[in-house]
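File shown: input_25.cif (mmCIF, C-alpha atoms).
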data_final
loop_
_atom_site.label_atom_id
_atom_site.label_comp_id
_atom_site.auth_asym_id
_atom_site.auth_seq_id
_atom_site.Cartn_x
_atom_site.Cartn_y
_atom_site.Cartn_z
CA MET A 1 45.57 -172.95 -106.94
CA GLU A 2 45.15 -175.94 -104.65
CA SER A 3 42.49 -177.43 -106.95
CA GLU A 4 44.71 -176.93 -110.02
CA GLN A 5 47.67 -178.65 -108.34
CA ARG A 6 45.45 -181.48 -107.23
CA GLU A 7 44.04 -181.82 -110.77
CA GLN A 8 47.58 -181.88 -112.24
CA GLU A 9 48.63 -184.60 -109.83
CA ILE A 10 45.60 -186.74 -110.72
CA ILE A 11 46.08 -186.22 -114.46
CA ASP A 12 49.65 -187.51 -114.19
CA VAL A 13 48.45 -190.85 -112.80
CA PRO A 14 47.15 -192.35 -116.14
CA ALA A 15 50.70 -192.24 -117.57
CA PHE A 16 51.27 -195.62 -115.90
CA TYR A 17 48.87 -197.16 -118.45
CA TYR A 18 51.36 -196.59 -121.27
CA VAL A 19 53.62 -199.41 -120.07
CA GLU A 20 53.96 -201.87 -122.92
CA ASN A 21 51.90 -204.93 -122.25
CA LYS A 22 50.77 -206.97 -125.19
CA GLU A 23 48.17 -208.72 -123.06
CA GLU A 24 46.39 -205.38 -122.29
CA LYS A 25 43.63 -205.08 -124.89
CA LYS A 26 42.01 -201.64 -124.23
CA PRO A 27 44.42 -199.14 -122.63
CA LYS A 28 43.18 -196.07 -124.57
CA LYS A 29 39.54 -196.59 -123.72
CA ARG A 30 40.40 -197.05 -120.06
CA ARG A 31 42.44 -193.85 -120.11
CA LYS A 32 39.54 -191.87 -121.60
CA LEU A 33 37.19 -193.17 -118.92
CA THR A 34 39.58 -192.21 -116.14
CA LEU A 35 40.04 -188.73 -117.55
CA MET A 36 36.29 -188.18 -117.68
CA VAL A 37 35.98 -189.20 -114.01
CA ILE A 38 38.83 -186.87 -113.05
CA ILE A 39 37.31 -183.94 -114.94
CA LEU A 40 33.91 -184.52 -113.35
CA VAL A 41 35.38 -184.74 -109.83
CA SER A 42 37.49 -181.62 -110.45
CA ALA A 43 34.42 -179.70 -111.64
CA LEU A 44 32.48 -180.68 -108.49
CA ILE A 45 35.37 -179.69 -106.21
CA GLY A 46 35.84 -176.40 -108.04
CA GLY A 47 32.15 -175.59 -107.70
CA VAL A 48 32.18 -176.20 -103.97
CA ILE A 49 35.34 -174.16 -103.48
CA SER A 50 34.05 -171.21 -105.53
CA SER A 51 30.69 -171.29 -103.69
CA TYR A 52 32.22 -171.24 -100.21
CA VAL A 53 35.58 -169.54 -100.60
CA MET A 54 35.18 -166.91 -103.31
CA PRO A 55 32.35 -164.89 -101.68
CA VAL A 56 34.29 -164.72 -98.43
CA TYR A 57 37.24 -162.72 -99.76
CA VAL A 58 36.50 -159.57 -101.74
CA PHE A 59 39.46 -157.29 -102.46
CA GLY A 60 41.29 -158.79 -99.51
CA ASN A 61 38.48 -158.16 -97.00
CA LEU A 62 36.65 -160.89 -95.17
CA ILE A 63 32.92 -160.60 -95.88
CA PRO A 64 30.65 -162.83 -93.74
CA TYR A 65 27.72 -164.69 -95.25
CA PRO A 66 24.34 -163.13 -94.60
CA GLN A 67 22.12 -164.79 -92.06
CA ASN A 68 20.02 -167.61 -93.55
CA TYR A 69 22.30 -167.70 -96.61
CA PHE A 70 21.03 -171.10 -97.68
CA GLY A 71 17.39 -170.31 -96.90
CA SER A 72 14.75 -168.40 -98.78
CA ASP A 73 14.68 -165.53 -96.21
CA VAL A 74 17.92 -163.77 -97.15
CA LYS A 75 18.51 -160.65 -95.02
CA GLN A 76 20.29 -157.51 -96.17
CA VAL A 77 23.93 -157.23 -95.12
CA ILE A 78 25.13 -153.71 -94.22
CA ASN A 79 28.91 -153.33 -94.26
CA VAL A 80 30.20 -150.57 -92.00
CA ASN A 81 33.58 -149.19 -93.04
CA PRO A 82 34.63 -146.68 -90.37
CA LYS A 83 37.73 -144.60 -90.79
CA SER A 84 40.76 -145.85 -88.91
CA THR A 85 40.79 -144.58 -85.31
CA GLU A 86 44.18 -146.03 -84.46
CA PHE A 87 46.10 -143.57 -82.26
CA LEU A 88 43.20 -141.08 -82.52
CA VAL A 89 43.05 -140.33 -78.80
CA SER A 90 46.81 -139.84 -78.51
CA ALA A 91 46.81 -137.52 -81.54
CA VAL A 92 43.97 -135.41 -80.10
CA ALA A 93 45.68 -135.27 -76.70
CA LYS A 94 48.97 -134.20 -78.27
CA LYS A 95 47.24 -131.38 -80.14
CA ALA A 96 45.15 -130.11 -77.21
CA MET A 97 47.52 -130.62 -74.26
CA PRO A 98 49.46 -127.32 -74.64
CA SER A 99 46.15 -125.44 -74.32
CA VAL A 100 45.04 -127.17 -71.09
CA VAL A 101 45.97 -125.60 -67.76
CA GLY A 102 45.62 -126.47 -64.09
CA ILE A 103 43.86 -123.97 -61.80
CA THR A 104 44.32 -123.75 -58.03
CA THR A 105 42.47 -121.38 -55.70
CA LYS A 106 42.46 -120.26 -52.08
CA SER A 107 39.30 -118.86 -50.57
CA ILE A 108 38.31 -117.52 -47.16
CA GLU A 109 35.17 -119.12 -45.79
CA ARG A 110 33.29 -117.73 -42.82
CA ASP A 111 32.31 -120.32 -40.24
CA PHE A 112 29.82 -119.35 -37.51
CA PHE A 113 31.53 -121.49 -34.87
CA PHE A 114 35.19 -121.53 -35.91
CA GLY A 115 35.51 -118.16 -37.68
CA PRO A 116 37.37 -117.58 -40.95
CA ARG A 117 39.14 -120.54 -42.47
CA THR A 118 41.04 -121.09 -45.70
CA SER A 119 39.82 -123.57 -48.26
CA LYS A 120 41.64 -124.74 -51.37
CA GLY A 121 40.18 -125.55 -54.76
CA LEU A 122 41.40 -127.32 -57.86
CA GLY A 123 40.19 -127.39 -61.43
CA THR A 124 41.11 -127.18 -65.08
CA GLY A 125 40.93 -124.51 -67.76
CA VAL A 126 41.48 -124.16 -71.49
CA VAL A 127 43.39 -121.34 -73.20
CA VAL A 128 41.20 -119.54 -75.76
CA ASP A 129 43.56 -116.72 -76.78
CA LYS A 130 47.35 -116.45 -77.02
CA ARG A 131 47.32 -113.36 -74.78
CA GLY A 132 46.35 -115.46 -71.79
CA TYR A 133 42.54 -115.60 -71.78
CA ILE A 134 41.38 -118.85 -70.19
CA LEU A 135 37.89 -120.36 -70.08
CA THR A 136 36.80 -122.45 -67.08
CA ASN A 137 33.82 -123.10 -64.78
CA ALA A 138 32.44 -120.47 -62.45
CA HIS A 139 32.49 -122.98 -59.60
CA VAL A 140 36.21 -123.63 -60.20
CA VAL A 141 36.90 -120.00 -59.22
CA ASN A 142 34.32 -120.18 -56.40
CA ASN A 143 31.96 -117.90 -58.34
CA GLY A 144 34.49 -115.09 -58.12
CA ASN A 145 35.09 -115.29 -54.36
CA VAL A 146 38.76 -116.19 -54.20
CA GLU A 147 41.73 -114.74 -52.36
CA GLU A 148 44.34 -116.35 -54.57
CA LEU A 149 44.16 -117.74 -58.10
CA ASN A 150 47.04 -119.53 -59.83
CA VAL A 151 47.41 -121.17 -63.23
CA LEU A 152 49.84 -123.98 -64.05
CA PHE A 153 50.75 -124.11 -67.75
CA ASP A 154 51.82 -127.06 -69.86
CA ASP A 155 55.52 -126.11 -69.71
CA GLY A 156 55.46 -126.07 -65.89
CA THR A 157 55.18 -122.28 -65.54
CA LYS A 158 52.98 -121.11 -62.67
CA LYS A 159 51.37 -117.65 -62.82
CA ASN A 160 48.87 -115.58 -60.87
CA ALA A 161 45.57 -114.93 -62.64
CA LYS A 162 42.64 -112.56 -62.28
CA ILE A 163 38.94 -113.18 -62.81
CA LEU A 164 37.48 -111.08 -65.61
CA TRP A 165 33.95 -112.50 -65.72
CA ASN A 166 31.90 -115.32 -64.26
CA ASP A 167 28.25 -116.37 -64.26
CA PRO A 168 27.03 -119.10 -61.86
CA ALA A 169 23.86 -119.53 -63.94
CA LEU A 170 25.97 -120.73 -66.88
CA ASP A 171 28.77 -122.11 -64.68
CA LEU A 172 31.31 -120.35 -66.89
CA ALA A 173 34.14 -117.94 -66.14
CA VAL A 174 36.94 -116.18 -68.00
CA ILE A 175 40.25 -115.57 -66.25
CA LYS A 176 43.45 -113.98 -67.56
CA VAL A 177 47.15 -114.36 -67.02
CA ASP A 178 49.29 -111.39 -68.07
CA GLY A 179 52.70 -111.55 -69.70
CA VAL A 180 52.34 -114.91 -71.43
CA ASN A 181 52.21 -116.07 -75.03
CA VAL A 182 50.47 -119.43 -75.01
CA THR A 183 48.83 -121.77 -77.50
CA PRO A 184 45.04 -121.34 -77.79
CA ALA A 185 42.77 -124.30 -78.39
CA ASP A 186 40.68 -124.69 -81.53
CA LEU A 187 37.00 -124.19 -80.77
CA GLY A 188 34.55 -126.48 -82.54
CA ASN A 189 30.83 -126.19 -83.28
CA SER A 190 28.69 -127.85 -80.61
CA ASP A 191 25.50 -127.26 -82.61
CA HIS A 192 26.52 -130.01 -85.05
CA LEU A 193 27.17 -132.76 -82.50
CA GLN A 194 25.58 -136.18 -82.89
CA VAL A 195 25.09 -138.94 -80.37
CA GLY A 196 27.76 -141.60 -80.79
CA GLU A 197 30.59 -139.25 -81.80
CA VAL A 198 33.99 -139.64 -80.17
CA ALA A 199 34.47 -137.53 -77.02
CA ILE A 200 37.82 -136.98 -75.27
CA ALA A 201 38.27 -135.21 -71.93
CA ILE A 202 41.46 -133.76 -70.46
CA GLY A 203 41.72 -132.54 -66.88
CA ASN A 204 43.19 -132.86 -63.41
CA PRO A 205 40.95 -135.34 -61.59
CA LEU A 206 41.31 -135.74 -57.81
CA GLY A 207 44.47 -133.62 -57.52
CA MET A 208 47.51 -132.36 -59.38
CA GLU A 209 49.22 -135.74 -58.94
CA PHE A 210 46.88 -136.89 -61.70
CA GLU A 211 47.25 -133.76 -63.84
CA LYS A 212 46.57 -133.89 -67.57
CA THR A 213 44.62 -137.14 -67.36
CA VAL A 214 43.08 -138.14 -70.70
CA THR A 215 39.85 -140.14 -70.88
CA SER A 216 37.81 -141.05 -73.92
CA GLY A 217 34.32 -142.21 -74.80
CA ILE A 218 31.40 -141.01 -76.86
CA ILE A 219 28.71 -138.36 -76.87
CA SER A 220 25.97 -140.22 -74.97
CA GLY A 221 23.24 -137.60 -75.17
CA LEU A 222 22.43 -133.99 -76.00
CA ASN A 223 20.29 -131.24 -74.45
CA ARG A 224 20.48 -132.79 -70.98
CA SER A 225 19.30 -130.90 -67.90
CA VAL A 226 20.91 -131.23 -64.45
CA GLU A 227 19.39 -129.81 -61.27
CA ILE A 228 21.92 -128.00 -59.08
CA ASN A 229 19.48 -126.92 -56.37
CA ASN A 230 15.74 -126.66 -55.76
CA ASN A 231 15.34 -123.59 -57.95
CA GLU A 232 18.11 -123.84 -60.57
CA ARG A 233 19.07 -126.19 -63.33
CA ILE A 234 21.90 -126.21 -65.85
CA GLU A 235 20.32 -126.97 -69.21
CA ASN A 236 21.28 -127.98 -72.75
CA LEU A 237 24.28 -129.98 -71.52
CA ILE A 238 26.30 -132.54 -73.47
CA GLN A 239 26.31 -135.98 -71.86
CA THR A 240 29.38 -138.19 -72.23
CA ASP A 241 30.64 -141.49 -70.84
CA ALA A 242 34.25 -140.23 -70.92
CA SER A 243 35.30 -140.39 -67.27
CA ILE A 244 34.91 -137.01 -65.52
CA ASN A 245 35.83 -136.51 -61.86
CA PRO A 246 36.33 -133.57 -59.46
CA GLY A 247 39.25 -131.59 -60.87
CA ASN A 248 38.16 -132.20 -64.47
CA SER A 249 35.79 -129.25 -64.07
CA GLY A 250 36.60 -126.44 -66.48
CA GLY A 251 38.62 -128.66 -68.79
CA PRO A 252 37.86 -129.28 -72.45
CA LEU A 253 35.69 -131.95 -74.01
CA LEU A 254 37.15 -132.55 -77.46
CA ASN A 255 35.98 -134.08 -80.73
CA SER A 256 37.98 -136.32 -83.08
CA LYS A 257 39.59 -133.24 -84.68
CA GLY A 258 40.96 -132.00 -81.35
CA GLU A 259 38.47 -129.12 -81.26
CA VAL A 260 36.86 -128.02 -78.00
CA ILE A 261 33.15 -128.84 -78.15
CA GLY A 262 32.36 -128.39 -74.47
CA ILE A 263 33.59 -127.36 -71.02
CA ASN A 264 33.34 -130.22 -68.52
CA THR A 265 31.18 -129.22 -65.58
CA ALA A 266 29.64 -132.08 -63.60
CA LYS A 267 29.07 -135.79 -63.14
CA MET A 268 26.28 -137.81 -61.59
CA LYS A 269 27.35 -139.24 -58.25
CA SER A 270 24.63 -141.87 -58.45
CA GLY A 271 25.93 -143.52 -61.60
CA GLU A 272 29.06 -144.22 -63.61
CA GLY A 273 29.63 -142.92 -67.12
CA LEU A 274 27.35 -139.91 -66.64
CA GLY A 275 29.45 -136.81 -67.20
CA PHE A 276 28.24 -133.46 -68.51
CA ALA A 277 29.77 -130.55 -70.40
CA ILE A 278 28.57 -127.06 -71.33
CA PRO A 279 28.37 -126.68 -75.14
CA ILE A 280 31.17 -124.43 -76.38
CA ASN A 281 28.77 -122.40 -78.54
CA ILE A 282 27.28 -120.93 -75.35
CA ALA A 283 30.68 -119.51 -74.44
CA LYS A 284 31.76 -118.39 -77.92
CA PRO A 285 30.03 -114.96 -77.94
CA ILE A 286 31.63 -114.19 -74.57
CA VAL A 287 35.07 -115.37 -75.67
CA ASP A 288 34.80 -113.41 -78.93
CA GLN A 289 34.12 -110.15 -77.08
CA PHE A 290 37.13 -110.64 -74.84
CA ILE A 291 39.36 -111.42 -77.82
CA GLU A 292 38.05 -108.49 -79.88
CA LYS A 293 37.62 -105.84 -77.19
CA GLY A 294 39.50 -107.12 -74.15
CA GLU A 295 36.29 -106.99 -72.10
CA PHE A 296 32.77 -108.35 -72.00
CA ARG A 297 29.67 -106.27 -71.36
CA LYS A 298 26.58 -108.29 -70.60
CA VAL A 299 23.27 -107.04 -71.97
CA TYR A 300 20.20 -106.86 -69.80
CA ILE A 301 16.48 -106.25 -70.12
CA GLY A 302 15.85 -105.02 -66.57
CA ILE A 303 13.52 -107.51 -64.92
CA GLN A 304 13.32 -109.71 -61.87
CA GLY A 305 11.70 -112.98 -62.83
CA MET A 306 11.20 -116.55 -61.74
CA ASN A 307 10.29 -119.78 -63.43
CA VAL A 308 6.55 -120.37 -63.70
CA ASN A 309 6.72 -123.62 -61.70
CA VAL A 310 8.66 -121.89 -58.91
CA PHE A 311 6.10 -119.06 -58.79
CA GLU A 312 3.22 -121.55 -58.61
CA ARG A 313 4.86 -123.52 -55.80
CA SER A 314 5.63 -120.36 -53.84
CA THR A 315 2.23 -118.67 -54.18
CA GLY A 316 -0.21 -121.49 -54.85
CA ILE A 317 -1.48 -119.58 -57.88
CA ASP A 318 -1.96 -121.52 -61.10
CA LEU A 319 -0.82 -119.72 -64.24
CA ALA A 320 -2.11 -120.48 -67.72
CA PRO A 321 1.28 -121.19 -69.34
CA GLU A 322 2.90 -124.35 -68.01
CA GLU A 323 6.40 -122.99 -68.71
CA GLY A 324 7.98 -119.58 -68.95
CA ILE A 325 9.23 -116.74 -66.76
CA TYR A 326 6.92 -114.77 -64.49
CA ILE A 327 7.97 -111.10 -64.34
CA ALA A 328 7.90 -110.05 -60.69
CA ARG A 329 9.54 -106.63 -61.13
CA ILE A 330 10.39 -104.12 -63.87
CA TYR A 331 13.32 -101.78 -63.24
CA LYS A 332 12.80 -98.09 -63.94
CA ASP A 333 14.20 -96.78 -67.24
CA SER A 334 15.27 -100.31 -68.23
CA PRO A 335 14.88 -101.80 -71.72
CA ALA A 336 11.93 -103.80 -70.37
CA ALA A 337 10.18 -100.65 -69.16
CA LYS A 338 10.89 -98.80 -72.41
CA GLY A 339 9.69 -101.77 -74.46
CA GLY A 340 6.33 -102.10 -72.71
CA LEU A 341 6.79 -105.15 -70.47
CA ASN A 342 4.64 -105.20 -67.33
CA THR A 343 4.75 -106.91 -63.97
CA GLY A 344 2.76 -110.13 -64.25
CA ASP A 345 3.66 -110.76 -67.87
CA ILE A 346 5.02 -114.23 -68.61
CA ILE A 347 7.92 -114.49 -71.06
CA VAL A 348 7.51 -117.59 -73.23
CA GLY A 349 9.89 -116.89 -76.12
CA VAL A 350 12.74 -114.80 -77.51
CA GLY A 351 12.90 -114.64 -81.29
CA ASN A 352 12.39 -118.19 -82.54
CA SER A 353 13.54 -119.77 -79.27
CA LYS A 354 11.12 -121.10 -76.69
CA ILE A 355 11.87 -119.87 -73.17
CA THR A 356 11.03 -122.15 -70.25
CA SER A 357 13.43 -120.92 -67.54
CA MET A 358 15.60 -118.03 -66.40
CA THR A 359 18.70 -120.00 -67.40
CA GLN A 360 17.43 -120.23 -70.98
CA LEU A 361 16.70 -116.51 -71.05
CA VAL A 362 20.20 -115.71 -69.79
CA LYS A 363 21.75 -117.95 -72.45
CA GLU A 364 19.65 -116.32 -75.15
CA LEU A 365 20.73 -112.84 -74.05
CA TYR A 366 24.40 -113.87 -74.23
CA LYS A 367 23.98 -114.22 -77.98
CA HIS A 368 23.34 -110.48 -78.30
CA ARG A 369 25.21 -107.25 -77.75
CA PRO A 370 24.17 -103.78 -76.54
CA GLY A 371 22.06 -102.06 -79.18
CA ASP A 372 20.50 -105.25 -80.57
CA THR A 373 16.70 -105.40 -80.80
CA ILE A 374 14.97 -108.67 -79.95
CA ASN A 375 11.39 -109.89 -80.15
CA ILE A 376 10.07 -111.10 -76.80
CA LYS A 377 6.93 -113.23 -76.76
CA ILE A 378 4.78 -112.90 -73.66
CA MET A 379 1.47 -114.11 -72.28
CA ARG A 380 -0.66 -111.26 -70.89
CA ASN A 381 -4.20 -111.93 -69.71
CA ASP A 382 -4.11 -115.30 -71.48
CA GLN A 383 -3.24 -113.64 -74.80
CA GLU A 384 0.08 -113.92 -76.61
CA LYS A 385 1.84 -110.69 -77.56
CA THR A 386 5.19 -109.87 -79.14
CA LEU A 387 7.16 -106.83 -77.97
CA LYS A 388 10.35 -105.35 -79.39
CA ILE A 389 13.04 -104.73 -76.77
CA LYS A 390 16.24 -102.83 -77.50
CA LEU A 391 19.01 -104.30 -75.34
CA GLU A 392 21.41 -102.17 -73.32
CA LYS A 393 24.61 -102.91 -71.41
CA ILE A 394 24.32 -103.37 -67.66
CA PRO A 395 24.74 -100.01 -65.88
CA THR A 396 28.03 -99.73 -64.03
CA ASN A 397 26.60 -97.68 -61.16
#

Give the structure from this file in structure tokens form.
Amino acid sequence: MESEQREQEIIDVPAFYYVENKEEKKPKKRRKLTLMVIILVSALIGGVISSYVMPVYVFGNLIPYPQNYFGSDVKQVINVNPKSTEFLVSAVAKKAMPSVVGITTKSIERDFFFGPRTSKGLGTGVVVDKRGYILTNAHVVNNGNVEELNVLFDDGTKKNAKILWNDPALDLAVIKVDGVNVTPADLGNSDHLQVGEVAIAIGNPLGMEFEKTVTSGIISGLNRSVEINNNERIENLIQTDASINPGNSGGPLLNSKGEVIGINTAKMKSGEGLGFAIPINIAKPIVDQFIEKGEFRKVYIGIQGMNVNVFERSTGIDLAPEEGIYIARIYKDSPAAKGGLNTGDIIVGVGNSKITSMTQLVKELYKHRPGDTINIKIMRNDQEKTLKIKLEKIPTN
């Protein structure tokens, strides 16, 4: 438009040559020459403008020139068009907040010098069923050793709760509040996570004065392993740089749809932006049993075992497999005894899953219910064998 206006203004200039002047001999020829110059200049200007301006704006979007545009080595330009994330975090928080609860505990600790003393704990939980089932960490409820357990709901209601199940090896627990009708969270699929996805955490860091704190970041890593003591590790964790602090434990890690993809469990004290969550798919079979049957019955195979590396450090004996579970004891009349497992066997797999630790075996067993038959791969006398084991529920007596 600017070039057209400029061209119009220049074209109007030759009109001055039509002033009557008998002494002027060649006005028409001069006018033709001027017009040719104007047209040539306009063409050059238009070419420059179209070369530099037109490629920059395509459908209203600014498109940068590729590197070395004027050179022979033209590099490929990849245009990333992400979906709008404006207000994403606030939308996710609004959806999930009614399902997030605060958890406070009182426990009696025995001190050799000072005797019994009361300690208080604080954490977070997420509602997984409208009848009051709540998922949290085992360490939030002191691995089941609490004198008092209270839950603070989103509307300000405070209720007593009871522990239905907990497992320190998984750092998961299910508690229940009776007489409530609350909003359950949507559970996502942690098996489909990818590094770089949005991750949003909600919890009560550092005390109830900071309750319902929302932090956001990304999924920084998958299948992480964190050592909790010399003999135990929590494995297959989700790593996130969303800020997680004491009090966030047990709270949800959410995806961009507001679905729970993990239960926040720990952070690295030695570094910032290193938080970890337990994948929600580990807890789903447990939650489903509570929702369907109102209880959870853990299956067992009836062994006492230890990780191969722990056995080697304790005994000084080198075993052929570098990883696995050394069976130290077989319980009488257990599924292991009925299925043909022996003391000294080394479990290296269950079904298609490789087993390297007791924690992995426990997680694998949580996928099954009493009556299921599984294939257990073992090493016996340096030979691999596969045995069929029919799982049973843990005896109550």

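All residues of protein, DNA or RNA that reach within 7 Å of Ile175 of chain A, judged by all atoms listed in the file and not counting those fewer than 6 positions away in the chain, are Tyr133, Ile134, Leu135, Ala161, Lys162, Ile163 and Leu164 of chain A.
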
Problem - Residues in the PyMOL selection byres ((chain A and resi 324-341) around 7), expressed as a PyMOL selection string - result: chain A and resi 301-308+321+323+342-348+355-358+387-392

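The space between atom CA of Thr124 of chain A and atom CA of Gly196 of chain A spans 25.2 Å.
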
Residues of segment 187-288 of chain A that approach segment 96-100 of chain A to 10 Å or less, counting only C-alpha atoms: could you list each one with the shortest pair of atoms and its distance in Å to one decimal, rows by chain and increasing residue number, as a tab-separated table?
residue	atom	partner	partner_atom	distance
A:Ile202	CA	A:Val100	CA	7.5
A:Gly203	CA	A:Val100	CA	7.6
A:Asn204	CA	A:Val100	CA	9.7
A:Lys212	CA	A:Met97	CA	7.5
A:Thr213	CA	A:Met97	CA	9.9
A:Val214	CA	A:Met97	CA	9.4
A:Gly250	CA	A:Val100	CA	9.6
A:Gly251	CA	A:Val100	CA	7.0
A:Pro252	CA	A:Val100	CA	7.6
A:Leu254	CA	A:Ala96	CA	8.4
A:Lys257	CA	A:Ala96	CA	9.8
A:Gly258	CA	A:Ala96	CA	6.2
A:Glu259	CA	A:Ala96	CA	7.9
A:Val260	CA	A:Ala96	CA	8.6

Practice task
List, as a ChimeraX atom specification, every residue that the PyMOL selection byres ((chain A and resi 395) around 10) selects in the file provided.
Solution key: /A:297-300,334,392-394,396-397

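Nearest-residue note for Val174 of chain A: choosing from A:Ala277, A:Leu365, A:Ile378, A:Val126, the minimum distance belongs to A:Val126, counting all atoms listed in the file.
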
Exercise for the section: Mind checking which residues fall within 12 Å of Asn150 of chain A, counting all atoms listed in the file, ignoring those fewer than 2 positions away in the same chain, and posting them as a count of residues only? Expected result: 31

The PyMOL selection byres ((chain A and resi 129) around 9) on the file shown: which residues, as a PDB file with C-alpha atoms, in the coordinates of the input?
ATOM      1  CA  VAL A 127      43.390-121.340 -73.200  1.00  0.00           C
ATOM      2  CA  VAL A 128      41.200-119.540 -75.760  1.00  0.00           C
ATOM      3  CA  LYS A 130      47.350-116.450 -77.020  1.00  0.00           C
ATOM      4  CA  ARG A 131      47.320-113.360 -74.780  1.00  0.00           C
ATOM      5  CA  GLY A 132      46.350-115.460 -71.790  1.00  0.00           C
ATOM      6  CA  TYR A 133      42.540-115.600 -71.780  1.00  0.00           C
ATOM      7  CA  ILE A 134      41.380-118.850 -70.190  1.00  0.00           C
ATOM      8  CA  ASN A 181      52.210-116.070 -75.030  1.00  0.00           C
ATOM      9  CA  VAL A 182      50.470-119.430 -75.010  1.00  0.00           C
ATOM     10  CA  THR A 183      48.830-121.770 -77.500  1.00  0.00           C
ATOM     11  CA  PRO A 184      45.040-121.340 -77.790  1.00  0.00           C
ATOM     12  CA  ALA A 185      42.770-124.300 -78.390  1.00  0.00           C
ATOM     13  CA  VAL A 287      35.070-115.370 -75.670  1.00  0.00           C
ATOM     14  CA  ILE A 291      39.360-111.420 -77.820  1.00  0.00           C
TER      15      ILE A 291
END

Practice task
Determine the nearest neighbour of Met379 of chain A from the options A:Leu319, A:Ala173, A:Ile200, A:Ile261, counting only C-alpha atoms.
Solution key: A:Leu319

Exercise for the section: Just the residues within 9 Å of Val195 of chain A, please, counting all atoms listed in the file, with nothing from its chain fewer than 3 positions along; format it as a PyMOL selection string. Expected result: chain A and resi 198+218-222

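Taking all atoms listed in the file into account, Asn381 of chain A lies nearest to A:Ala320 out of the set A:Ala320, A:Asn143, A:Asn309, A:Asp241.
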
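Proximity of A:Ile280, A:Val310, A:Leu170, A:Ile376 to His192 of chain A, computed with all atoms listed in the file, is greatest for A:Ile280.
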